[in-house]
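> Here it is, the structure in full.
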Amino acid sequence: MNLGYLVDAAIHWKQLLPRVHPFFAFKANSDPILTYLMMELNFGFDCASLDEIQKVIKLGVHPSKVIYANTHKQTSHLRQATSLGINLGTFDDESELFKIKKVAPHMRLLLRLSTTGFGKCLSKTMQAKFGCVKSETRGLLETAKQLGLNVKGVCFHIGLGAQSPELYRKAISEARKVFSEGLELGFKMSILDIGGGFPCKTATNFSKIEFKAVAKTICESLNTEFPSDDKVQIIGEPGTFFTAPLMSLAVNIIGKRKRRGRDVYQQHNFPDTEYFINDGIYSSFRLYWDAPLLIPVVKPVDQKYFGLPVHKSTLWGQTCAEDVAVEDCELPDMDVGDWMCVKGEHRTWT
């Protein structure tokens with residue numbers, strides 16, 4: 001883990017997005033040392049679950065630095081979160097408002113806007129699962145007003161791997177319209193959360209665009225839609241932007257099996273070698289399910305394997321039959337106990 005990169009990235013963020021205060025998406029990496037450094041850098045924290053909230057509070061994060069960024073919170077978890085002092089959360093439908101009214105009526109709220117249809121990104125499920133469409137925002141704000149709840153602003157999340165920075169311009173423009181609706185209804189709208197999914201410096205880069213281009217578009221849009229004299233607090237929820245480049249994934253071979261078939265069909269449909277590793281799709285390799293346009297590239301760590309002939313191989317995880325961490329990769333003949341390094345590569349957009 002390269003902590004120096006985090007400091008450099010934080011400086012870079014501040015230079016390019018001076019108005020956007022980072023609330024680190026804790027799910028991206030919960031390492032305590034990383035959290036302590038982010039606390040020193042004055043980061044806030046985006047937590048999607050009670051478990052994440054309890055961990056950051058235990059590490060010393062002040063509750064005012066935490067947003068409960070899940071639009072559908074378990075009632076008992078919401079109650080426990082508020083007892084810990086968490087007073088900022090999100091919603092995107094009416095049922096959540098009634099729940100909040102019953103359990104946490106004094107919580108400050110952000111209405112999450114859907115980004116479906118704004119443009120192409122890798123994580124389509126992010127756009128589909130969270131947020132309400134613009135045609136529903138007025139009705140939700142009116143319901144919140146009737147319930148006496150405290151809506152403070154708007155949030156959105158473009159999703160991982162935006163293809164164009166114009167998605168951010170569109171989202172900020174739509175958020176401005178929702179702000180206006182809230183102000184008309186008497187809410188003191190003062191927070192804009194522009195979410196996460198920012199491109200970062202890795203082999204994958206998660207995107208076809210550079211962070212500099214995204215930041216430029218965001219700054220232009222904020223200056224147009226939310227001028228600094230509006231006194232609106234702007235926050236973002238970067239996760240992999242800060243953590244992906246400073247981490248390297250190493251996996252260990254815990255088992256090995258040769259599967260050379262006896263007939264032509266088996267020879268064509270089974271890999272030469274199958275490796276069983278101490279990771280899988282329900283852990284570190286989950287990213288490649290969430291973002292199918294990313295492919296894992298696997299190489300041996302030990303230099304003794306460099307330059308040797310490679311063979312078609314498969315890497316199995318430790319859980320069910322579907323736990324295929326990497327399919328049809330090219331590797332030399334390695335041994336149980338050896339280590340592999342996993343990087344990512346971006347597929348061609350279609």
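Labeling convention for the structure tokens: chains A, B, ... as they appear, residues from 1 per chain, ligands from 1 in order of appearance.
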Can you list every residue of segment 131-174 of chain A that has an atom at most 8 Å from segment 197-200 of chain A, with its nearest atom pair and the distance in Å to one decimal, using only C-alpha atoms, ordered by chain then number, as a Markdown table?


```
| residue | atom | partner | partner_atom | distance |
| --- | --- | --- | --- | --- |
| A:His157 | CA | A:Gly197 | CA | 7.3 |
| A:Ile158 | CA | A:Gly197 | CA | 6.5 |
| A:Gly159 | CA | A:Gly197 | CA | 5.0 |
| A:Leu160 | CA | A:Gly197 | CA | 4.2 |
| A:Gly161 | CA | A:Gly197 | CA | 6.4 |
| A:Ala162 | CA | A:Gly197 | CA | 7.6 |
```

> May I have the residues from that selection written out with N, CA and C atoms, as a short mmCIF file (atom, residue, chain, number, x, y, z; two decimals), in the first residue's frame?


```cif
data_model
loop_
_atom_site.label_atom_id
_atom_site.label_comp_id
_atom_site.auth_asym_id
_atom_site.auth_seq_id
_atom_site.Cartn_x
_atom_site.Cartn_y
_atom_site.Cartn_z
N HIS A 157 -25.02 9.82 -8.43
CA HIS A 157 -23.80 9.04 -8.63
C HIS A 157 -23.79 8.60 -10.08
N ILE A 158 -22.81 9.09 -10.85
CA ILE A 158 -22.74 8.75 -12.27
C ILE A 158 -22.50 7.27 -12.48
N GLY A 159 -21.69 6.65 -11.64
CA GLY A 159 -21.35 5.24 -11.81
C GLY A 159 -19.92 5.09 -12.30
N LEU A 160 -19.42 3.88 -12.19
CA LEU A 160 -18.03 3.59 -12.53
C LEU A 160 -17.80 3.66 -14.04
N GLY A 161 -16.77 4.37 -14.46
CA GLY A 161 -16.35 4.34 -15.86
C GLY A 161 -17.21 5.13 -16.81
N ALA A 162 -17.46 6.41 -16.49
CA ALA A 162 -18.23 7.25 -17.41
C ALA A 162 -17.48 7.40 -18.73
#
```

> Please identify the helix (DSSP H, G or I) residues within segment 24-233 of chain A (assignment by DSSP from backbone atoms) and present them as a PyMOL selection string.

chain A and resi 26-28+32-40+50-58+63-65+75-83+94-103+124-129+134-146+166-184+211-225+228-230

> Leaving out Ser30 of chain A and any residue of its chain fewer than 6 positions from it, which residues lie within 10 Å of it when counting only C-alpha atoms, given as an NGL selection string?

:A and (52 or 55-56)

> Export, as an mmCIF file, in the first residue's frame, the selected residues with all heavy atoms.


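Dumped to part-v6.cif:
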```
data_model
loop_
_atom_site.group_PDB
_atom_site.id
_atom_site.type_symbol
_atom_site.label_atom_id
_atom_site.label_comp_id
_atom_site.auth_asym_id
_atom_site.auth_seq_id
_atom_site.Cartn_x
_atom_site.Cartn_y
_atom_site.Cartn_z
ATOM 1 N N GLU A 52 -20.325 -0.453 8.314
ATOM 2 C CA GLU A 52 -19.321 0.541 7.919
ATOM 3 C C GLU A 52 -19.328 1.729 8.878
ATOM 4 O O GLU A 52 -18.270 2.231 9.265
ATOM 5 C CB GLU A 52 -19.582 1.010 6.486
ATOM 6 C CG GLU A 52 -19.332 -0.059 5.437
ATOM 7 C CD GLU A 52 -19.619 0.420 4.025
ATOM 8 O OE1 GLU A 52 -19.822 1.651 3.839
ATOM 9 O OE2 GLU A 52 -19.658 -0.406 3.106
ATOM 10 N N LYS A 55 -17.635 0.853 12.126
ATOM 11 C CA LYS A 55 -16.174 0.742 11.978
ATOM 12 C C LYS A 55 -15.510 2.115 11.959
ATOM 13 O O LYS A 55 -14.499 2.329 12.635
ATOM 14 C CB LYS A 55 -15.834 -0.030 10.709
ATOM 15 C CG LYS A 55 -16.083 -1.529 10.816
ATOM 16 C CD LYS A 55 -15.772 -2.238 9.504
ATOM 17 C CE LYS A 55 -15.988 -3.742 9.633
ATOM 18 N NZ LYS A 55 -15.781 -4.460 8.345
ATOM 19 N N VAL A 56 -16.061 3.059 11.201
ATOM 20 C CA VAL A 56 -15.411 4.374 11.126
ATOM 21 C C VAL A 56 -15.525 5.133 12.442
ATOM 22 O O VAL A 56 -14.584 5.828 12.860
ATOM 23 C CB VAL A 56 -15.951 5.235 9.958
ATOM 24 C CG1 VAL A 56 -15.702 4.570 8.627
ATOM 25 C CG2 VAL A 56 -17.421 5.574 10.129
#
```

> Do you know which residues are at most 10 Å from Val298 of chain A counting only C-alpha atoms, after dropping those on the same chain fewer than 5 positions away, and could you put them as an MDAnalysis selection string?

chainID A and resid 249:251 315 326 329:331 340:344

> Save out the residues we just selected, N, CA and C atoms, as a short mmCIF file (atom, residue, chain, number, x, y, z; two decimals), in the first residue's frame.


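Result saved to out-v8.cif:
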```cif
data_model
loop_
_atom_site.label_atom_id
_atom_site.label_comp_id
_atom_site.auth_asym_id
_atom_site.auth_seq_id
_atom_site.Cartn_x
_atom_site.Cartn_y
_atom_site.Cartn_z
N LEU A 249 -2.95 -6.23 -5.94
CA LEU A 249 -3.56 -7.49 -5.51
C LEU A 249 -2.63 -8.65 -5.81
N ALA A 250 -2.30 -9.39 -4.78
CA ALA A 250 -1.51 -10.61 -4.94
C ALA A 250 -2.34 -11.79 -4.45
N VAL A 251 -2.39 -12.85 -5.23
CA VAL A 251 -3.14 -14.04 -4.84
C VAL A 251 -2.20 -15.24 -4.80
N LEU A 315 -8.33 -19.76 -13.22
CA LEU A 315 -8.17 -19.54 -11.78
C LEU A 315 -9.52 -19.67 -11.10
N VAL A 326 -10.70 -16.05 -12.87
CA VAL A 326 -10.19 -15.67 -14.19
C VAL A 326 -10.30 -16.87 -15.11
N CYS A 329 -6.75 -17.55 -19.02
CA CYS A 329 -5.59 -16.66 -19.00
C CYS A 329 -4.34 -17.46 -19.40
N GLU A 330 -3.30 -16.76 -19.79
CA GLU A 330 -2.06 -17.39 -20.22
C GLU A 330 -1.02 -17.29 -19.11
N LEU A 331 -0.59 -18.45 -18.60
CA LEU A 331 0.37 -18.49 -17.50
C LEU A 331 1.41 -19.59 -17.75
N MET A 340 0.69 -14.77 -7.54
CA MET A 340 0.37 -14.11 -8.80
C MET A 340 -0.03 -12.66 -8.50
N CYS A 341 0.30 -11.77 -9.41
CA CYS A 341 -0.11 -10.37 -9.31
C CYS A 341 -1.24 -10.14 -10.31
N VAL A 342 -2.30 -9.46 -9.86
CA VAL A 342 -3.47 -9.22 -10.71
C VAL A 342 -3.64 -7.73 -10.97
N LYS A 343 -3.65 -7.37 -12.22
CA LYS A 343 -3.95 -6.00 -12.64
C LYS A 343 -5.22 -6.03 -13.47
N GLY A 344 -5.62 -4.89 -13.97
CA GLY A 344 -6.83 -4.83 -14.78
C GLY A 344 -6.55 -4.22 -16.14
#
```

> Skip Thr82 of chain A itself and residues of its chain fewer than 4 positions away, then list as a list in words all residues within 8 Å of it, counting only C-alpha atoms.

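The residues satisfying every condition are Leu78, Ile86, Asn87, Ala104 and Met107 of chain A.
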
> Enter the distance from atom CA of Ala69 of chain A to atom CA of Gly4 of chain A, in Å, rounded to one decimal.

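Straight-line distance from atom CA of Ala69 of chain A to atom CA of Gly4 of chain A works out to 27.9 Å.
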